[in-house]
Amino acid sequence: MLKGRHLIDPMDFSTEEINEILDLAGEIIANPKFYADVCKGYVLATLFFEPSTRTRLSFEAAMLRLGGSVMGFSSAESSSAAKGESVADTIRTIACYADICAMRHPKEGAPKVAEMYSDIPIINGGDGGHQHPTQTLTDLLTIRSIRGRISDYTVGFCGDLKFGRTVHSLIKALSRYENIKFMLVSPEELRVPDYIREEVLIKNNINFVEVDKLEEIMPSLDVLYMTRVQRERFFNEEDYIRLKDSYILDLKKLENAKDDLIIMHPLPRVNEIAVEVDKDHRAAYFKQAKYGMYVRMSLIMKLLGVSVNA
Ligand code: NCD
């Protein structure tokens, strides 16, 4: 039962519960009109203390397409956080006005704090360099919709694997599916955090390699997940400038790739995928953004406990 639950970490839901969400998203994609009014009378709050385009607007679009209403803020400066209000007090207030809340915060763990003070479902829309579980639902739906299954893949992650929260969440989630092998491509300084390597990969006996060249591993990949170097999490600008263009995916680098490779990116893209790749049939990143709205429609319905027959 997902009604009333929070989503802070991808492991908060079992794979069965995730599949339930992906199944409903598939039904919504097939028959969006059936769902146009199911959330009438419900209010979603979007509390974004950090910049966002896709996550916030896809949440809002999702609620509007379900017939519900939305309210919120899109920067910490425009909320009472600028006056020094705590997350706990903000959420106790928002819970008086809304039925469900999506929240993004630069501090790791902030949505977890919100959950402790909230009697409405809290959805983590990204907390610092930590986790981003709804991007993971988006990514899983993208893979499943394109290839029909989530198992037996070699998945490459490339770029900023240290600060990239989308990477951490997707590795966690994929590690529970059958026969998934990871190829982690990054500069030495931007490798996955120790807790991902030790607590997720090694502990669960997952097959993985860490390399610094993308070209070498390209032929074996089924999924390639490109990421942006997370400038806002760097301590100094020189390091960012030195590392930002470590990997630029172009058509030349794709010459040895599989014909059914899925090229993903959570977006925003800065420089890491050349625009020429956009027209390649393997580029899935803009479709991925659309799947993000459908999966959030499904998630909102499940957490509110509404269904099409209600
Ligand atoms: C990602 C994020 O915010 O972590 N964006 C998103 O939600 N689609 C990726 C990023 O900012 O690089």
# chains A, B, ... in the order shown; residues from 1 in each chain; ligands from 1
call {"tool": "residues_around", "arguments": {"residues": "Asp160 (chain A)", "least_positions_apart": "4", "cutoff": "6 Å", "atoms": "only C-alpha atoms", "output": "ChimeraX atom specification"}}
result
/A:164,190,229
call {"tool": "write_last_selection", "arguments": {"atoms": "N, CA, C and O atoms", "output": "short mmCIF file (atom, residue, chain, number, x, y, z; two decimals), in the first residue's frame"}}
result
data_model
loop_
_atom_site.label_atom_id
_atom_site.label_comp_id
_atom_site.auth_asym_id
_atom_site.auth_seq_id
_atom_site.Cartn_x
_atom_site.Cartn_y
_atom_site.Cartn_z
N GLY A 164 26.72 13.55 -8.43
CA GLY A 164 25.49 13.36 -9.21
C GLY A 164 24.48 12.50 -8.46
O GLY A 164 24.55 11.28 -8.44
N LEU A 190 36.13 12.18 -9.38
CA LEU A 190 34.66 12.23 -9.41
C LEU A 190 34.03 10.85 -9.40
O LEU A 190 32.94 10.63 -9.91
N VAL A 229 28.77 17.79 -14.91
CA VAL A 229 29.63 18.02 -13.73
C VAL A 229 28.91 19.07 -12.86
O VAL A 229 28.52 20.13 -13.33
#
call {"tool": "residues_near_ligand", "arguments": {"ligand": "ligand 1", "cutoff": "6 Å", "atoms": "only C-alpha atoms and all ligand atoms", "output": "MDAnalysis selection string"}}
result
chainID A and resid 54:55 165:166 228 266:268
call {"tool": "select_by_dssp", "arguments": {"residues": "region 203-257 of chain A", "states": "strand (DSSP E)", "output": "list in words"}}
result
Asn207, Phe208, Val209, Glu210, Val211, Val223, Leu224, Tyr225 and Met226 of chain A
call {"tool": "residues_around", "arguments": {"residues": "Val185 (chain A)", "least_positions_apart": "6", "cutoff": "10 Å", "atoms": "only C-alpha atoms", "output": "MDAnalysis selection string"}}
result
chainID A and resid 156:161 191:192 209:215 217 225:226 247
call {"tool": "write_last_selection", "arguments": {"atoms": "all heavy atoms", "output": "compact mmCIF listing (two decimals), in the first residue's frame"}}
result
# COMPACT_ATOMS: atom_id res chain seq x y z
N GLY A 156 26.29 1.97 -18.38
CA GLY A 156 27.43 2.86 -18.18
C GLY A 156 26.96 4.18 -17.58
O GLY A 156 25.97 4.76 -18.05
N PHE A 157 27.62 4.62 -16.54
CA PHE A 157 27.37 5.96 -15.99
C PHE A 157 28.62 6.78 -16.27
O PHE A 157 29.73 6.31 -15.99
CB PHE A 157 27.16 5.90 -14.47
CG PHE A 157 25.80 5.36 -14.08
CD1 PHE A 157 25.63 4.01 -13.84
CD2 PHE A 157 24.72 6.22 -13.93
CE1 PHE A 157 24.38 3.51 -13.47
CE2 PHE A 157 23.47 5.73 -13.56
CZ PHE A 157 23.30 4.38 -13.33
N CYS A 158 28.45 7.98 -16.79
CA CYS A 158 29.62 8.75 -17.19
C CYS A 158 29.53 10.20 -16.73
O CYS A 158 28.50 10.85 -16.90
CB CYS A 158 29.73 8.70 -18.73
SG CYS A 158 31.09 9.66 -19.38
N GLY A 159 30.60 10.71 -16.13
CA GLY A 159 30.65 12.13 -15.76
C GLY A 159 30.94 12.31 -14.28
O GLY A 159 31.90 11.75 -13.75
N ASP A 160 30.08 13.07 -13.63
CA ASP A 160 30.27 13.39 -12.22
C ASP A 160 29.52 12.38 -11.34
O ASP A 160 28.37 12.57 -10.98
CB ASP A 160 29.76 14.81 -11.95
CG ASP A 160 30.04 15.28 -10.54
OD1 ASP A 160 30.43 14.44 -9.70
OD2 ASP A 160 29.86 16.48 -10.28
N LEU A 161 30.21 11.28 -11.03
CA LEU A 161 29.55 10.21 -10.28
C LEU A 161 29.65 10.46 -8.77
O LEU A 161 28.98 9.80 -7.99
CB LEU A 161 30.17 8.86 -10.64
CG LEU A 161 30.32 8.59 -12.15
CD1 LEU A 161 30.73 7.15 -12.38
CD2 LEU A 161 29.04 8.90 -12.92
N ARG A 191 34.74 9.90 -8.80
CA ARG A 191 34.19 8.54 -8.68
C ARG A 191 33.03 8.49 -7.70
O ARG A 191 32.89 9.39 -6.86
CB ARG A 191 35.29 7.58 -8.23
CG ARG A 191 36.29 7.35 -9.34
CD ARG A 191 37.25 6.26 -8.98
NE ARG A 191 38.09 5.98 -10.14
CZ ARG A 191 38.99 5.01 -10.18
NH1 ARG A 191 39.17 4.25 -9.13
NH2 ARG A 191 39.70 4.81 -11.26
N VAL A 192 32.25 7.41 -7.75
CA VAL A 192 31.09 7.29 -6.85
C VAL A 192 31.56 7.36 -5.38
O VAL A 192 32.66 6.91 -5.05
CB VAL A 192 30.30 5.97 -7.05
CG1 VAL A 192 29.55 5.97 -8.36
CG2 VAL A 192 31.17 4.74 -6.90
N VAL A 209 32.80 -2.07 -12.80
CA VAL A 209 34.18 -1.63 -13.01
C VAL A 209 34.20 -0.11 -12.95
O VAL A 209 33.20 0.54 -13.26
CB VAL A 209 34.77 -2.09 -14.37
CG1 VAL A 209 34.96 -3.58 -14.42
CG2 VAL A 209 33.91 -1.61 -15.54
N GLU A 210 35.35 0.44 -12.56
CA GLU A 210 35.52 1.90 -12.56
C GLU A 210 36.66 2.22 -13.52
O GLU A 210 37.77 1.70 -13.36
CB GLU A 210 35.87 2.40 -11.15
CG GLU A 210 34.74 2.20 -10.17
CD GLU A 210 35.04 2.77 -8.80
OE1 GLU A 210 35.75 2.09 -8.02
OE2 GLU A 210 34.58 3.90 -8.50
N VAL A 211 36.37 3.02 -14.53
CA VAL A 211 37.39 3.35 -15.54
C VAL A 211 37.36 4.85 -15.80
O VAL A 211 36.44 5.55 -15.37
CB VAL A 211 37.13 2.58 -16.87
CG1 VAL A 211 37.28 1.08 -16.68
CG2 VAL A 211 35.77 2.92 -17.45
N ASP A 212 38.38 5.32 -16.55
CA ASP A 212 38.33 6.76 -16.86
C ASP A 212 38.19 7.06 -18.35
O ASP A 212 38.17 8.21 -18.75
CB ASP A 212 39.50 7.51 -16.20
CG ASP A 212 40.84 7.01 -16.65
OD1 ASP A 212 40.88 6.22 -17.62
OD2 ASP A 212 41.86 7.39 -16.04
N LYS A 213 38.10 6.02 -19.19
CA LYS A 213 37.92 6.26 -20.63
C LYS A 213 36.57 5.72 -21.10
O LYS A 213 36.26 4.56 -20.89
CB LYS A 213 39.01 5.54 -21.43
CG LYS A 213 40.39 6.09 -21.25
CD LYS A 213 40.80 6.90 -22.49
CE LYS A 213 42.19 7.49 -22.37
NZ LYS A 213 42.69 7.77 -21.04
N LEU A 214 35.82 6.57 -21.76
CA LEU A 214 34.50 6.16 -22.24
C LEU A 214 34.62 5.27 -23.49
O LEU A 214 33.90 4.26 -23.62
CB LEU A 214 33.67 7.42 -22.55
CG LEU A 214 32.27 7.22 -23.08
CD1 LEU A 214 31.42 6.39 -22.12
CD2 LEU A 214 31.59 8.59 -23.31
N GLU A 215 35.54 5.61 -24.40
CA GLU A 215 35.65 4.89 -25.68
C GLU A 215 35.83 3.39 -25.49
O GLU A 215 35.21 2.59 -26.19
CB GLU A 215 36.83 5.43 -26.50
CG GLU A 215 36.62 6.81 -27.09
CD GLU A 215 36.99 7.93 -26.11
OE1 GLU A 215 36.96 7.68 -24.87
OE2 GLU A 215 37.29 9.04 -26.57
N ILE A 217 34.86 1.26 -23.26
CA ILE A 217 33.75 0.43 -22.80
C ILE A 217 32.50 0.58 -23.67
O ILE A 217 31.55 -0.17 -23.54
CB ILE A 217 33.40 0.76 -21.33
CG1 ILE A 217 33.06 2.26 -21.18
CG2 ILE A 217 34.53 0.38 -20.38
CD1 ILE A 217 31.85 2.49 -20.35
N TYR A 225 24.37 6.45 -19.42
CA TYR A 225 23.76 7.53 -18.63
C TYR A 225 24.79 8.63 -18.45
O TYR A 225 25.73 8.51 -17.66
CB TYR A 225 23.33 6.96 -17.28
CG TYR A 225 22.31 7.78 -16.53
CD1 TYR A 225 20.95 7.49 -16.63
CD2 TYR A 225 22.69 8.84 -15.70
CE1 TYR A 225 20.00 8.24 -15.94
CE2 TYR A 225 21.74 9.59 -15.01
CZ TYR A 225 20.40 9.28 -15.14
OH TYR A 225 19.45 10.02 -14.46
N MET A 226 24.66 9.69 -19.25
CA MET A 226 25.60 10.82 -19.19
C MET A 226 25.15 11.79 -18.09
O MET A 226 23.95 11.94 -17.85
CB MET A 226 25.63 11.57 -20.53
CG MET A 226 26.17 10.78 -21.70
SD MET A 226 27.90 10.27 -21.51
CE MET A 226 28.75 11.85 -21.50
N TYR A 247 34.27 14.65 -20.43
CA TYR A 247 33.64 13.73 -21.39
C TYR A 247 32.65 14.51 -22.23
O TYR A 247 31.76 15.17 -21.68
CB TYR A 247 32.89 12.61 -20.67
CG TYR A 247 33.79 11.85 -19.74
CD1 TYR A 247 33.83 12.15 -18.39
CD2 TYR A 247 34.64 10.87 -20.24
CE1 TYR A 247 34.70 11.50 -17.54
CE2 TYR A 247 35.52 10.21 -19.39
CZ TYR A 247 35.54 10.52 -18.05
OH TYR A 247 36.41 9.87 -17.23
call {"tool": "closest_atom_pairs", "arguments": {"of": "region 106-205 of chain A", "to": "region 276-296 of chain A", "cutoff": "12 Å", "atoms": "only C-alpha atoms", "output": "tab-separated table"}}
result
residue	atom	partner	partner_atom	distance
A:Ile123	CA	A:Arg296	CA	10.1
A:Asn124	CA	A:Arg296	CA	11.9
A:Gly125	CA	A:Arg296	CA	10.8
A:Pro133	CA	A:Arg296	CA	10.9
A:Thr134	CA	A:Arg296	CA	7.3
A:Gln135	CA	A:Gly292	CA	7.0
A:Thr136	CA	A:Gly292	CA	9.2
A:Leu137	CA	A:Val295	CA	6.6
A:Thr138	CA	A:Gly292	CA	4.6
A:Asp139	CA	A:Gln288	CA	6.8
A:Leu140	CA	A:Tyr291	CA	9.5
A:Leu141	CA	A:Tyr291	CA	6.7
A:Thr142	CA	A:Gln288	CA	5.6
A:Ile143	CA	A:Gln288	CA	8.9
A:Arg144	CA	A:Tyr291	CA	10.7
A:Ser145	CA	A:Tyr291	CA	8.9
A:Ile146	CA	A:Ala284	CA	8.8
A:Arg147	CA	A:Ala284	CA	11.7
call {"tool": "atom_distance", "arguments": {"atom1": "CA of Phe182 (chain A)", "atom2": "CA of Asp250 (chain A)"}}
result
21.4 Å
call {"tool": "atom_distance", "arguments": {"atom1": "CA of Ala102 (chain A)", "atom2": "CA of Cys39 (chain A)"}}
result
15.6 Å
call {"tool": "closest_residue", "arguments": {"among": "A:Glu17, A:Glu50, A:Asp37, A:Asp12", "to": "Glu232 (chain A)", "atoms": "only C-alpha atoms"}}
result
A:Glu50
call {"tool": "closest_residue", "arguments": {"among": "A:Met297, A:Lys3, A:Ala82, A:Gly305", "to": "Gly67 (chain A)", "atoms": "only C-alpha atoms"}}
result
A:Met297
call {"tool": "residues_around", "arguments": {"residues": "Tyr97 (chain A)", "least_positions_apart": "2", "cutoff": "9 Å", "atoms": "only C-alpha atoms", "output": "JSON list (two decimals) with N, CA, C and O atoms, in the first residue's frame"}}
result
[["chain", "number", "residue", "atom", "x", "y", "z"],
["A", 43, "VAL", "N", -4.39, 19.34, -3.53],
["A", 43, "VAL", "CA", -3.37, 20.38, -3.77],
["A", 43, "VAL", "C", -1.96, 19.81, -3.57],
["A", 43, "VAL", "O", -1.68, 19.16, -2.55],
["A", 45, "ALA", "N", 2.00, 20.86, -3.15],
["A", 45, "ALA", "CA", 2.93, 21.97, -2.88],
["A", 45, "ALA", "C", 4.30, 21.60, -3.43],
["A", 45, "ALA", "O", 4.78, 20.48, -3.21],
["A", 93, "THR", "N", 3.81, 24.05, 8.37],
["A", 93, "THR", "CA", 2.88, 25.04, 7.84],
["A", 93, "THR", "C", 2.28, 24.55, 6.52],
["A", 93, "THR", "O", 1.06, 24.59, 6.34],
["A", 94, "ILE", "N", 3.16, 24.08, 5.63],
["A", 94, "ILE", "CA", 2.68, 23.64, 4.31],
["A", 94, "ILE", "C", 1.67, 22.50, 4.45],
["A", 94, "ILE", "O", 0.71, 22.41, 3.68],
["A", 95, "ALA", "N", 1.90, 21.62, 5.44],
["A", 95, "ALA", "CA", 0.99, 20.49, 5.64],
["A", 95, "ALA", "C", -0.43, 20.96, 6.00],
["A", 95, "ALA", "O", -1.39, 20.21, 5.87],
["A", 99, "ASP", "N", -2.04, 18.72, 0.26],
["A", 99, "ASP", "CA", -2.28, 17.29, 0.52],
["A", 99, "ASP", "C", -1.04, 16.44, 0.27],
["A", 99, "ASP", "O", -0.95, 15.30, 0.72]]
call {"tool": "select_by_dssp", "arguments": {"residues": "region 3-223 of chain A", "states": "helix (DSSP H, G or I)", "output": "MDAnalysis selection string"}}
result
chainID A and resid 10:12 15:30 32:35 54:65 76:78 80:83 87:97 110:116 133:147 165:174 188:190 194:202 214:220
